[in-house]
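Notes follow the structure.
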Amino acid sequence: MENLSRRSVLTLGAALGLVAVADTPKAWAWSSSGSIAGTDTVTDPWDVWDDDTDPLVASLLDAGQIPAVNTAFASWIRNGDALPAGLPPALTTYLRRVNTLPSWADQAKLDRAAQFNKRMSMYLFLLYGLGSGIMSTVIPREARNVYWSEGGADMKSRAAKTFTYGYDLSAPDAFKATGSFVVTSHKTRLTHAAVRHLLPQSAPWRGVTDHPIPISNGDILITFHSLGTYVHRKLLDWRRWGLRVSAAEEEAYLHMWQVALHLLGVRDEFIPNSWAAAEEQSRYALNPLLAPTPEGIDLADILLNLTSSVDLGVTRGFQREFARYVLTDRIGDWLRLPRDYISRGVIEAGWPTYVMFREGLSPLMPETFGLFDRFIRGLAMLFLNNGSSASHTPITIPVMNRPGT
């Protein structure tokens, strides 16, 4: 399947039923008039990286200073914490400049998003974990970048760090002094810069990539669309079963992601200013097209086995069928997820009634309520425990690629 023609592979939009036929690759034409910046230009995000961060991190790597930086960062967890002592002066200067929310951030909307995250937490953790998390393995560039980087050799540790990012973003005080998301974003941004410096030195990665430098603004946008845009779309779809999502909550949820993208170094001219603009952009920002890769198939198996190691109250077959259910069987086939048709029947009949009962639209508890509830709560606890324990999982800047490469 690795040799599938790019013209024959569905985009995410097609795979999720947004279009009837496969799209073909097309040049970037999304105008920044639909962005936070509000300008009217067309710039290809696949050729934009992070000019503020990349030279700094490259110099720290070349000077062998990253291990000391990681040690200093261990005590820097909360947004309100003072910057650690002992950092290289250039890094301290950089962090003092970027360690703030953008001028356009709206705290009222961020507070509303926090309440929305709390109310929707069960659904969000399901969609982030079995939806977006597994979807990432059929984004060719992302799968290859992850696999051939240092974290690809220890997916349990990498998954825990990914959970930390999602947990910190979903926390009620994510953007406040007592929260951790701003700090986590800075550490993630620095990590991206390190990967951009390190991966081009990897011969195996160079042998499979179609782009000379990883993690462009475009790559971060595709991750946003596989997370925020995908989850927003699924929640709206589930309104037919009684899920309540107000226009104000939609706006707040988008604003949370807008600020998150800014903190990761995405230019404001690429950050959509509405969900309509996000959907339009997703038709461009899902390039390269979704497709299976050997790296992605391996990563999906590892990730699903990690979740299987936690008692979710269901069989492995049920878990994999639920991944198919929220992502489509096309993606499930790409990832070679085994079929369990009995579980699929239970899911298709039981999930709508589970949602209706949880939302107070059905007075009768469905027979399968306990099954779904244990499953969703198990996933939520895996997410809330950062993949391993209730302690904070530190995000560290890598100093090498996948061991052995």
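Following the order of the structure tokens, chains are lettered A, B, ..., residues in each are numbered from 1, and ligands are numbered from 1.
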
Find the residues near A:Ala105: any atom within 8 Å, counting only C-alpha atoms, skip ones fewer than 4 places away on the same chain, and give them as a list of chain:residue names.
A:Leu101, A:His255, A:Val259

Which residues are near A:Ser309? Cut-off 12 Å, only C-alpha atoms, ignore same chain within fewer than 3 positions. Put them as a PDB file with N, CA and C atoms, in the first residue's frame.
```
ATOM      1  N   LYS A 156       5.779   4.764  24.545  1.00  0.00           N
ATOM      2  CA  LYS A 156       5.076   4.947  25.807  1.00  0.00           C
ATOM      3  C   LYS A 156       5.444   6.295  26.404  1.00  0.00           C
ATOM      4  N   ILE A 302       1.433   0.155  18.116  1.00  0.00           N
ATOM      5  CA  ILE A 302       2.019   0.447  19.426  1.00  0.00           C
ATOM      6  C   ILE A 302       1.040   1.259  20.275  1.00  0.00           C
ATOM      7  N   LEU A 303       0.452   2.299  19.676  1.00  0.00           N
ATOM      8  CA  LEU A 303      -0.464   3.158  20.432  1.00  0.00           C
ATOM      9  C   LEU A 303      -1.691   2.392  20.903  1.00  0.00           C
ATOM     10  N   LEU A 304      -2.251   1.561  20.033  1.00  0.00           N
ATOM     11  CA  LEU A 304      -3.436   0.796  20.428  1.00  0.00           C
ATOM     12  C   LEU A 304      -3.089  -0.241  21.493  1.00  0.00           C
ATOM     13  N   ASN A 305      -1.893  -0.796  21.430  1.00  0.00           N
ATOM     14  CA  ASN A 305      -1.480  -1.732  22.478  1.00  0.00           C
ATOM     15  C   ASN A 305      -1.275  -1.013  23.805  1.00  0.00           C
ATOM     16  N   LEU A 306      -0.832   0.239  23.762  1.00  0.00           N
ATOM     17  CA  LEU A 306      -0.680   1.008  25.000  1.00  0.00           C
ATOM     18  C   LEU A 306      -2.023   1.199  25.685  1.00  0.00           C
ATOM     19  N   LEU A 312      -9.890  -1.124  30.172  1.00  0.00           N
ATOM     20  CA  LEU A 312     -10.961  -0.269  29.658  1.00  0.00           C
ATOM     21  C   LEU A 312     -12.327  -0.938  29.770  1.00  0.00           C
ATOM     22  N   GLY A 313     -12.351  -2.137  30.295  1.00  0.00           N
ATOM     23  CA  GLY A 313     -13.616  -2.836  30.446  1.00  0.00           C
ATOM     24  C   GLY A 313     -14.165  -3.419  29.160  1.00  0.00           C
ATOM     25  N   VAL A 314     -13.340  -3.458  28.103  1.00  0.00           N
ATOM     26  CA  VAL A 314     -13.780  -3.993  26.817  1.00  0.00           C
ATOM     27  C   VAL A 314     -12.665  -4.855  26.237  1.00  0.00           C
ATOM     28  N   THR A 315     -12.996  -5.588  25.186  1.00  0.00           N
ATOM     29  CA  THR A 315     -11.999  -6.413  24.516  1.00  0.00           C
ATOM     30  C   THR A 315     -11.150  -5.563  23.573  1.00  0.00           C
ATOM     31  N   ARG A 316     -10.022  -6.116  23.156  1.00  0.00           N
ATOM     32  CA  ARG A 316      -9.181  -5.434  22.167  1.00  0.00           C
ATOM     33  C   ARG A 316      -9.953  -5.245  20.862  1.00  0.00           C
ATOM     34  N   GLN A 319     -12.188  -2.207  21.172  1.00  0.00           N
ATOM     35  CA  GLN A 319     -11.401  -0.976  21.106  1.00  0.00           C
ATOM     36  C   GLN A 319     -11.026  -0.636  19.661  1.00  0.00           C
ATOM     37  N   GLY A 378     -12.232   4.674  31.217  1.00  0.00           N
ATOM     38  CA  GLY A 378     -10.881   4.122  31.157  1.00  0.00           C
ATOM     39  C   GLY A 378      -9.974   4.954  30.275  1.00  0.00           C
ATOM     40  N   LEU A 379     -10.489   5.367  29.109  1.00  0.00           N
ATOM     41  CA  LEU A 379      -9.716   6.238  28.234  1.00  0.00           C
ATOM     42  C   LEU A 379      -9.443   7.582  28.894  1.00  0.00           C
ATOM     43  N   LEU A 382      -6.713   7.246  31.436  1.00  0.00           N
ATOM     44  CA  LEU A 382      -5.417   7.139  30.758  1.00  0.00           C
ATOM     45  C   LEU A 382      -4.941   8.518  30.352  1.00  0.00           C
ATOM     46  N   GLY A 387      -0.823   9.034  30.712  1.00  0.00           N
ATOM     47  CA  GLY A 387      -0.310   7.807  30.130  1.00  0.00           C
ATOM     48  C   GLY A 387       0.446   6.924  31.095  1.00  0.00           C
ATOM     49  N   SER A 388       0.734   7.394  32.298  1.00  0.00           N
ATOM     50  CA  SER A 388       1.515   6.572  33.210  1.00  0.00           C
ATOM     51  C   SER A 388       1.108   6.761  34.661  1.00  0.00           C
TER      52      SER A 388
END
```

Spatial neighbours of A:Pro403, max dist 8 Å, only C-alpha atoms, sep filter under 3 positions, as a ChimeraX atom specification
/A:150,153,400

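What separates atom CA of A:Ala171 from atom CA of A:Asn117 is a distance of 7.9 Å.
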
Residue neighbourhood A:Glu321, 7 Å, only C-alpha atoms, exclusion window fewer than 3 positions, as a VMD selection string
chain A and resid 317 to 318 324 to 325 339 to 340 343 to 344

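Using only C-alpha atoms, the nearest neighbour of A:Arg377 within the list A:Ser282, A:Ser121, A:Thr100, A:Ser180 is A:Ser121.
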
Record the distance separating atom CA of A:Ser274 and atom CA of A:Thr53, expressed in Å with one decimal.
27.6 Å

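What separates atom CA of A:Leu254 from atom CA of A:Leu83 is a distance of 29.0 Å.
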
Just the residues within 9 Å of A:Leu91, please, counting only C-alpha atoms, with nothing from its chain fewer than 6 positions along; format it as a VMD selection string.
chain A and resid 56 to 57 60

Output file for the selection above: C-alpha atoms, as a PDB file, in the first residue's frame:
```pdb
ATOM      1  CA  LEU A  56      18.548  29.431  18.701  1.00  0.00           C
ATOM      2  CA  VAL A  57      17.881  25.741  19.312  1.00  0.00           C
ATOM      3  CA  LEU A  60      22.183  25.143  21.728  1.00  0.00           C
TER       4      LEU A  60
END
```
